[in-house]
Amino acid sequence: MLPDDRLLCDDGHEILLFDLNDAFLTTLPPTQRNQPPRQQAVACLPFSVRVISQPFLVNDSIRFIVLTHNGAGKGVKGLIIPLSTSASHNTMEVVDLLSGPIICRNAHLGYHRAVVCSAPEPTMLQYAWPEEHASLSLSSTIQTPYCTHILFDDYSSRLISCGVGSTIDYILDLAAL
């Protein structure tokens with residue numbers, strides 16, 4: 001759910017934006033005779049999504065980081081959805097944050113950094129948004145034995161490795177790297 005009664009969906013093949021103000025409302029449950037009309041997306045992006053981040057509120061927009069794995073659009077994308085209620089609020093802008101194939105099982109996506117769980121070791125990706133002055137786009141391998149037991153805190157740029165029995169094995173401060 002997004003502000004202004006909008007909904008962002010990932011159906012595995014596309015990222016869809018719906019305006020729920022246009023949706024058919026009823027108090028009756030759908031039956032064979034009572035089928036509401038299908039809601040059409042107001043915006044659609046043809047990306048096969050591997051992972052999508054939490055939302056980030058930046059300036060007058062909601063932003064998501066998306067890890068894609070199909071066609072020419074492989075890589076890390078930035079998805080920008082305006083917050084304004086103007087006529088153009090039902091749009092999505094896509095920016096390239098990091099291009100190229102990224103093979104992974106899962107990933108932890110932050111606003112400027114991502115930890116990608118790939119074999120044989122996890123990789124940290126770093127990227128900048130187009131309006132930012134820094135033009136950093138790099139990747140480096142992180143020495144951690146288990147990618148499935150890590151948490152990534154984007155705010156503090158720390159990678160936390162969890163152990164057995166709800167213990168913390170170690171904390172890696174990525175901002176210091």
# chains A, B, ... in the order shown; residues from 1 in each chain; ligands from 1
>>> select_by_dssp(residues="segment 40-96 of chain A", states="strand (DSSP E)", output="PyMOL selection string")
chain A and resi 43-45+49-52+56-58+61-68+75-82+93-96
>>> write_last_selection(atoms="N, CA and C atoms", output="compact mmCIF listing (two decimals), in the first residue's frame")
# COMPACT_ATOMS: atom_id res chain seq x y z
N ALA A 43 0.16 1.88 -14.19
CA ALA A 43 1.54 1.87 -14.68
C ALA A 43 2.08 0.44 -14.54
N CYS A 44 2.95 0.07 -15.48
CA CYS A 44 3.47 -1.30 -15.51
C CYS A 44 4.92 -1.27 -15.99
N LEU A 45 5.78 -2.02 -15.30
CA LEU A 45 7.18 -2.14 -15.71
C LEU A 45 7.48 -3.62 -15.94
N VAL A 49 11.38 -9.65 -11.10
CA VAL A 49 12.00 -9.19 -9.86
C VAL A 49 12.49 -10.38 -9.04
N ARG A 50 13.73 -10.30 -8.60
CA ARG A 50 14.28 -11.29 -7.67
C ARG A 50 14.00 -10.83 -6.24
N VAL A 51 14.29 -9.56 -5.93
CA VAL A 51 14.10 -9.00 -4.60
C VAL A 51 13.70 -7.53 -4.75
N ILE A 52 12.79 -7.06 -3.88
CA ILE A 52 12.42 -5.65 -3.82
C ILE A 52 12.60 -5.18 -2.38
N PHE A 56 11.48 3.69 0.72
CA PHE A 56 12.27 4.79 1.28
C PHE A 56 11.58 6.09 0.87
N LEU A 57 11.31 6.98 1.81
CA LEU A 57 10.71 8.28 1.52
C LEU A 57 11.84 9.28 1.31
N VAL A 58 11.97 9.78 0.08
CA VAL A 58 13.04 10.70 -0.28
C VAL A 58 12.42 11.86 -1.05
N SER A 61 9.04 11.69 -3.06
CA SER A 61 8.85 10.42 -3.73
C SER A 61 8.99 9.25 -2.76
N ILE A 62 8.48 8.12 -3.21
CA ILE A 62 8.69 6.85 -2.54
C ILE A 62 9.63 6.07 -3.45
N ARG A 63 10.68 5.53 -2.88
CA ARG A 63 11.67 4.83 -3.68
C ARG A 63 11.85 3.39 -3.21
N PHE A 64 12.07 2.52 -4.17
CA PHE A 64 12.36 1.12 -3.91
C PHE A 64 13.62 0.75 -4.68
N ILE A 65 14.38 -0.18 -4.15
CA ILE A 65 15.50 -0.76 -4.86
C ILE A 65 15.05 -2.14 -5.31
N VAL A 66 15.26 -2.45 -6.58
CA VAL A 66 14.78 -3.68 -7.17
C VAL A 66 15.95 -4.44 -7.79
N LEU A 67 16.08 -5.71 -7.44
CA LEU A 67 17.08 -6.57 -8.05
C LEU A 67 16.36 -7.38 -9.13
N THR A 68 16.75 -7.14 -10.39
CA THR A 68 16.09 -7.82 -11.52
C THR A 68 17.03 -8.87 -12.10
N GLY A 75 20.21 -6.35 -13.22
CA GLY A 75 20.99 -5.51 -12.33
C GLY A 75 20.15 -4.95 -11.19
N VAL A 76 20.64 -3.85 -10.62
CA VAL A 76 19.96 -3.17 -9.53
C VAL A 76 19.32 -1.91 -10.10
N LYS A 77 18.01 -1.80 -9.92
CA LYS A 77 17.26 -0.66 -10.43
C LYS A 77 16.70 0.16 -9.26
N GLY A 78 16.52 1.43 -9.50
CA GLY A 78 15.84 2.29 -8.56
C GLY A 78 14.45 2.61 -9.11
N LEU A 79 13.45 2.42 -8.31
CA LEU A 79 12.06 2.68 -8.70
C LEU A 79 11.59 3.92 -7.95
N ILE A 80 11.17 4.95 -8.67
CA ILE A 80 10.75 6.22 -8.07
C ILE A 80 9.28 6.44 -8.38
N ILE A 81 8.48 6.60 -7.32
CA ILE A 81 7.04 6.86 -7.45
C ILE A 81 6.75 8.20 -6.77
N PRO A 82 6.23 9.19 -7.50
CA PRO A 82 5.96 10.49 -6.89
C PRO A 82 4.93 10.41 -5.76
N GLU A 93 9.14 5.86 -12.33
CA GLU A 93 10.38 6.10 -13.06
C GLU A 93 11.40 5.05 -12.63
N VAL A 94 12.15 4.55 -13.58
CA VAL A 94 13.18 3.55 -13.29
C VAL A 94 14.54 4.14 -13.63
N VAL A 95 15.48 3.99 -12.71
CA VAL A 95 16.86 4.43 -12.95
C VAL A 95 17.79 3.24 -12.72
N ASP A 96 18.85 3.18 -13.51
CA ASP A 96 19.86 2.14 -13.32
C ASP A 96 20.77 2.54 -12.17
>>> residues_around(residues="Ser161 of chain A", least_positions_apart="2", cutoff="8 Å", atoms="only C-alpha atoms", output="list in words")
Thr144, Tyr146, His149, Ile150, Leu151, Leu159, Gly163, Ile168, Asp169, Tyr170 and Ile171 of chain A
>>> write_last_selection(atoms="all heavy atoms", output="tab-separated table (two decimals), in the first residue's frame")
chain	number	residue	atom	x	y	z
A	144	THR	N	32.02	-14.09	5.10
A	144	THR	CA	31.09	-14.60	6.10
A	144	THR	C	30.67	-16.00	5.66
A	144	THR	O	30.43	-16.23	4.48
A	144	THR	CB	29.88	-13.67	6.29
A	144	THR	OG1	29.04	-14.17	7.32
A	144	THR	CG2	29.07	-13.51	5.03
A	146	TYR	N	27.93	-17.98	6.31
A	146	TYR	CA	26.55	-18.33	6.02
A	146	TYR	C	25.75	-17.10	5.64
A	146	TYR	O	25.51	-16.24	6.46
A	146	TYR	CB	25.89	-19.01	7.23
A	146	TYR	CG	26.62	-20.22	7.70
A	146	TYR	CD1	27.32	-20.21	8.89
A	146	TYR	CD2	26.63	-21.39	6.94
A	146	TYR	CE1	28.01	-21.33	9.33
A	146	TYR	CE2	27.31	-22.51	7.36
A	146	TYR	CZ	28.00	-22.47	8.55
A	146	TYR	OH	28.68	-23.57	8.97
A	149	HIS	N	22.08	-16.64	7.37
A	149	HIS	CA	21.95	-16.23	8.76
A	149	HIS	C	22.43	-14.80	9.00
A	149	HIS	O	22.95	-14.49	10.06
A	149	HIS	CB	22.74	-17.19	9.66
A	149	HIS	CG	22.25	-18.59	9.59
A	149	HIS	ND1	22.89	-19.55	8.87
A	149	HIS	CD2	21.16	-19.18	10.12
A	149	HIS	CE1	22.23	-20.69	8.96
A	149	HIS	NE2	21.17	-20.49	9.71
A	150	ILE	N	22.30	-13.96	7.98
A	150	ILE	CA	22.76	-12.58	8.16
A	150	ILE	C	21.59	-11.61	8.08
A	150	ILE	O	20.57	-11.87	7.44
A	150	ILE	CB	23.84	-12.18	7.14
A	150	ILE	CG1	23.31	-12.26	5.71
A	150	ILE	CG2	25.09	-13.01	7.31
A	150	ILE	CD1	24.27	-11.70	4.68
A	151	LEU	N	21.76	-10.49	8.75
A	151	LEU	CA	20.83	-9.37	8.69
A	151	LEU	C	21.63	-8.15	8.28
A	151	LEU	O	22.78	-7.99	8.69
A	151	LEU	CB	20.19	-9.12	10.06
A	151	LEU	CG	19.43	-10.29	10.67
A	151	LEU	CD1	19.07	-9.99	12.11
A	151	LEU	CD2	18.19	-10.58	9.85
A	159	LEU	N	26.42	-5.35	9.04
A	159	LEU	CA	26.02	-6.69	8.68
A	159	LEU	C	26.13	-7.54	9.94
A	159	LEU	O	27.19	-7.58	10.58
A	159	LEU	CB	26.95	-7.24	7.59
A	159	LEU	CG	26.60	-8.57	6.99
A	159	LEU	CD1	25.34	-8.45	6.14
A	159	LEU	CD2	27.75	-9.06	6.13
A	163	GLY	N	23.86	-16.47	15.09
A	163	GLY	CA	24.27	-17.83	15.38
A	163	GLY	C	23.12	-18.68	15.87
A	163	GLY	O	21.95	-18.27	15.86
A	168	ILE	N	24.44	-13.64	18.51
A	168	ILE	CA	25.11	-12.88	17.45
A	168	ILE	C	26.54	-13.37	17.37
A	168	ILE	O	27.27	-13.31	18.36
A	168	ILE	CB	25.05	-11.37	17.72
A	168	ILE	CG1	23.61	-10.89	17.67
A	168	ILE	CG2	25.93	-10.62	16.73
A	168	ILE	CD1	23.43	-9.43	18.02
A	169	ASP	N	26.93	-13.88	16.19
A	169	ASP	CA	28.31	-14.34	15.99
A	169	ASP	C	29.25	-13.15	15.88
A	169	ASP	O	30.29	-13.10	16.52
A	169	ASP	CB	28.42	-15.20	14.74
A	169	ASP	CG	27.83	-16.60	14.94
A	169	ASP	OD1	27.64	-17.01	16.10
A	169	ASP	OD2	27.55	-17.26	13.92
A	170	TYR	N	28.88	-12.19	15.01
A	170	TYR	CA	29.70	-10.99	14.87
A	170	TYR	C	28.90	-9.90	14.18
A	170	TYR	O	27.86	-10.15	13.57
A	170	TYR	CB	31.00	-11.27	14.10
A	170	TYR	CG	30.79	-11.77	12.70
A	170	TYR	CD1	30.62	-10.89	11.64
A	170	TYR	CD2	30.77	-13.12	12.42
A	170	TYR	CE1	30.42	-11.35	10.35
A	170	TYR	CE2	30.57	-13.60	11.14
A	170	TYR	CZ	30.40	-12.70	10.12
A	170	TYR	OH	30.20	-13.16	8.85
A	171	ILE	N	29.41	-8.67	14.28
A	171	ILE	CA	28.85	-7.51	13.60
A	171	ILE	C	29.95	-6.90	12.74
A	171	ILE	O	31.02	-6.57	13.27
A	171	ILE	CB	28.28	-6.48	14.60
A	171	ILE	CG1	27.17	-7.12	15.44
A	171	ILE	CG2	27.79	-5.24	13.86
A	171	ILE	CD1	26.66	-6.23	16.56
>>> residues_around(residues="Gly110 of chain A", least_positions_apart="2", cutoff="8 Å", atoms="only C-alpha atoms", output="number ranges by chain")
A: 53, 65, 108, 112-114, 153-154
>>> atom_distance(atom1="atom CA of Val115 of chain A", atom2="atom CA of Pro46 of chain A")
24.1 Å
>>> residues_around(residues="Leu2 of chain A", least_positions_apart="3", cutoff="9 Å", atoms="only C-alpha atoms", output="NGL selection string")
:A and (5-8 or 62 or 83)
>>> closest_residue(among="A:Ile103, A:Ile160, A:Leu28, A:Ile15", to="Ser48 of chain A", atoms="only C-alpha atoms")
A:Ile15
>>> closest_residue(among="A:Ala23, A:Cys162, A:Ile102, A:Leu97", to="Lys74 of chain A", atoms="only C-alpha atoms")
A:Ile102
>>> closest_residue(among="A:Gln39, A:Phe152, A:Ala128, A:Thr91", to="Val116 of chain A", atoms="only C-alpha atoms")
A:Phe152
>>> closest_residue(among="A:Glu14, A:Met1, A:Leu98, A:Arg38", to="Gln54 of chain A", atoms="only C-alpha atoms")
A:Met1
>>> select_by_dssp(residues="chain A", states="helix (DSSP H, G or I)", output="list of chain:residue names")
A:Leu20, A:Asn21, A:Asp22, A:Gly71, A:Ala72, A:Gly73, A:Cys147, A:Thr148, A:His149, A:Leu174, A:Ala175, A:Ala176
>>> decode(residues="segment 6-121 of chain A", atoms="C-alpha atoms", output="short mmCIF file (atom, residue, chain, number, x, y, z; two decimals), in the first residue's frame")
data_model
loop_
_atom_site.label_atom_id
_atom_site.label_comp_id
_atom_site.auth_asym_id
_atom_site.auth_seq_id
_atom_site.Cartn_x
_atom_site.Cartn_y
_atom_site.Cartn_z
CA ARG A 6 -2.23 3.35 -4.46
CA LEU A 7 -0.95 -0.22 -4.48
CA LEU A 8 2.39 -1.52 -5.77
CA CYS A 9 2.43 -5.21 -6.79
CA ASP A 10 5.04 -7.59 -8.09
CA ASP A 11 3.47 -10.53 -9.92
CA GLY A 12 6.81 -12.17 -10.76
CA HIS A 13 6.88 -10.84 -14.33
CA GLU A 14 5.98 -7.18 -13.91
CA ILE A 15 5.83 -4.41 -11.33
CA LEU A 16 2.31 -2.96 -11.34
CA LEU A 17 0.92 0.26 -9.86
CA PHE A 18 -2.81 0.44 -9.14
CA ASP A 19 -4.96 3.42 -8.20
CA LEU A 20 -7.48 2.06 -5.72
CA ASN A 21 -9.66 5.17 -6.15
CA ASP A 22 -10.63 3.69 -9.53
CA ALA A 23 -11.46 0.28 -8.07
CA PHE A 24 -14.98 -1.11 -8.10
CA LEU A 25 -16.33 -1.17 -4.54
CA THR A 26 -19.02 -3.53 -3.32
CA THR A 27 -20.16 -5.10 -0.08
CA LEU A 28 -21.06 -8.37 -1.81
CA PRO A 29 -18.57 -11.23 -2.05
CA PRO A 30 -17.69 -12.26 -5.61
CA THR A 31 -19.71 -15.17 -7.01
CA GLN A 32 -20.11 -16.63 -10.49
CA ARG A 33 -22.95 -14.19 -11.17
CA ASN A 34 -21.50 -11.24 -9.32
CA GLN A 35 -18.01 -10.64 -10.76
CA PRO A 36 -16.55 -7.16 -10.29
CA PRO A 37 -14.75 -5.68 -13.31
CA ARG A 38 -11.00 -6.29 -13.40
CA GLN A 39 -8.86 -3.41 -12.21
CA GLN A 40 -6.30 -2.23 -14.75
CA ALA A 41 -2.86 -1.08 -13.61
CA VAL A 42 -2.16 2.62 -14.16
CA ALA A 43 1.54 1.87 -14.68
CA CYS A 44 3.47 -1.30 -15.51
CA LEU A 45 7.18 -2.14 -15.71
CA PRO A 46 8.25 -5.39 -17.42
CA PHE A 47 10.83 -6.53 -14.86
CA SER A 48 11.23 -10.01 -13.49
CA VAL A 49 12.00 -9.19 -9.86
CA ARG A 50 14.28 -11.29 -7.67
CA VAL A 51 14.10 -9.00 -4.60
CA ILE A 52 12.42 -5.65 -3.82
CA SER A 53 13.40 -3.43 -0.90
CA GLN A 54 11.37 -1.73 1.76
CA PRO A 55 10.08 1.72 0.74
CA PHE A 56 12.27 4.79 1.28
CA LEU A 57 10.71 8.28 1.52
CA VAL A 58 13.04 10.70 -0.28
CA ASN A 59 12.07 14.28 -1.13
CA ASP A 60 8.61 14.07 -2.75
CA SER A 61 8.85 10.42 -3.73
CA ILE A 62 8.69 6.85 -2.54
CA ARG A 63 11.67 4.83 -3.68
CA PHE A 64 12.36 1.12 -3.91
CA ILE A 65 15.50 -0.76 -4.86
CA VAL A 66 14.78 -3.68 -7.17
CA LEU A 67 17.08 -6.57 -8.05
CA THR A 68 16.09 -7.82 -11.52
CA HIS A 69 17.27 -10.89 -13.38
CA ASN A 70 15.86 -10.83 -16.90
CA GLY A 71 16.87 -9.66 -20.36
CA ALA A 72 18.75 -6.44 -20.94
CA GLY A 73 17.40 -5.03 -17.67
CA LYS A 74 19.57 -7.19 -15.40
CA GLY A 75 20.99 -5.51 -12.33
CA VAL A 76 19.96 -3.17 -9.53
CA LYS A 77 17.26 -0.66 -10.43
CA GLY A 78 15.84 2.29 -8.56
CA LEU A 79 12.06 2.68 -8.70
CA ILE A 80 10.75 6.22 -8.07
CA ILE A 81 7.04 6.86 -7.45
CA PRO A 82 5.96 10.49 -6.89
CA LEU A 83 4.16 11.32 -3.64
CA SER A 84 2.26 14.26 -5.11
CA THR A 85 -1.41 14.01 -5.93
CA SER A 86 -1.02 15.72 -9.28
CA ALA A 87 -2.17 14.15 -12.53
CA SER A 88 1.23 12.46 -12.93
CA HIS A 89 1.22 10.73 -9.54
CA ASN A 90 0.36 7.41 -11.16
CA THR A 91 3.73 7.02 -12.82
CA MET A 92 6.89 5.10 -12.03
CA GLU A 93 10.38 6.10 -13.06
CA VAL A 94 13.18 3.55 -13.29
CA VAL A 95 16.86 4.43 -12.95
CA ASP A 96 19.86 2.14 -13.32
CA LEU A 97 21.80 1.92 -10.08
CA LEU A 98 24.08 -0.97 -11.05
CA SER A 99 23.97 -2.81 -14.39
CA GLY A 100 24.92 -6.35 -15.19
CA PRO A 101 23.95 -9.86 -14.22
CA ILE A 102 23.75 -10.57 -10.50
CA ILE A 103 23.31 -14.22 -9.64
CA CYS A 104 21.90 -14.80 -6.17
CA ARG A 105 19.51 -16.78 -4.03
CA ASN A 106 18.39 -13.76 -2.05
CA ALA A 107 19.60 -10.29 -1.12
CA HIS A 108 19.30 -7.60 1.53
CA LEU A 109 18.72 -4.27 -0.23
CA GLY A 110 19.47 -0.89 1.29
CA TYR A 111 19.27 2.62 -0.15
CA HIS A 112 23.00 2.77 -1.10
CA ARG A 113 24.20 -0.76 -0.40
CA ALA A 114 23.07 -4.32 -0.90
CA VAL A 115 24.30 -7.65 0.36
CA VAL A 116 23.76 -10.28 -2.31
CA CYS A 117 23.80 -13.92 -1.26
CA SER A 118 25.66 -15.62 -4.08
CA ALA A 119 27.88 -18.65 -4.26
CA PRO A 120 30.49 -19.16 -2.97
CA GLU A 121 30.44 -16.02 -0.78
#
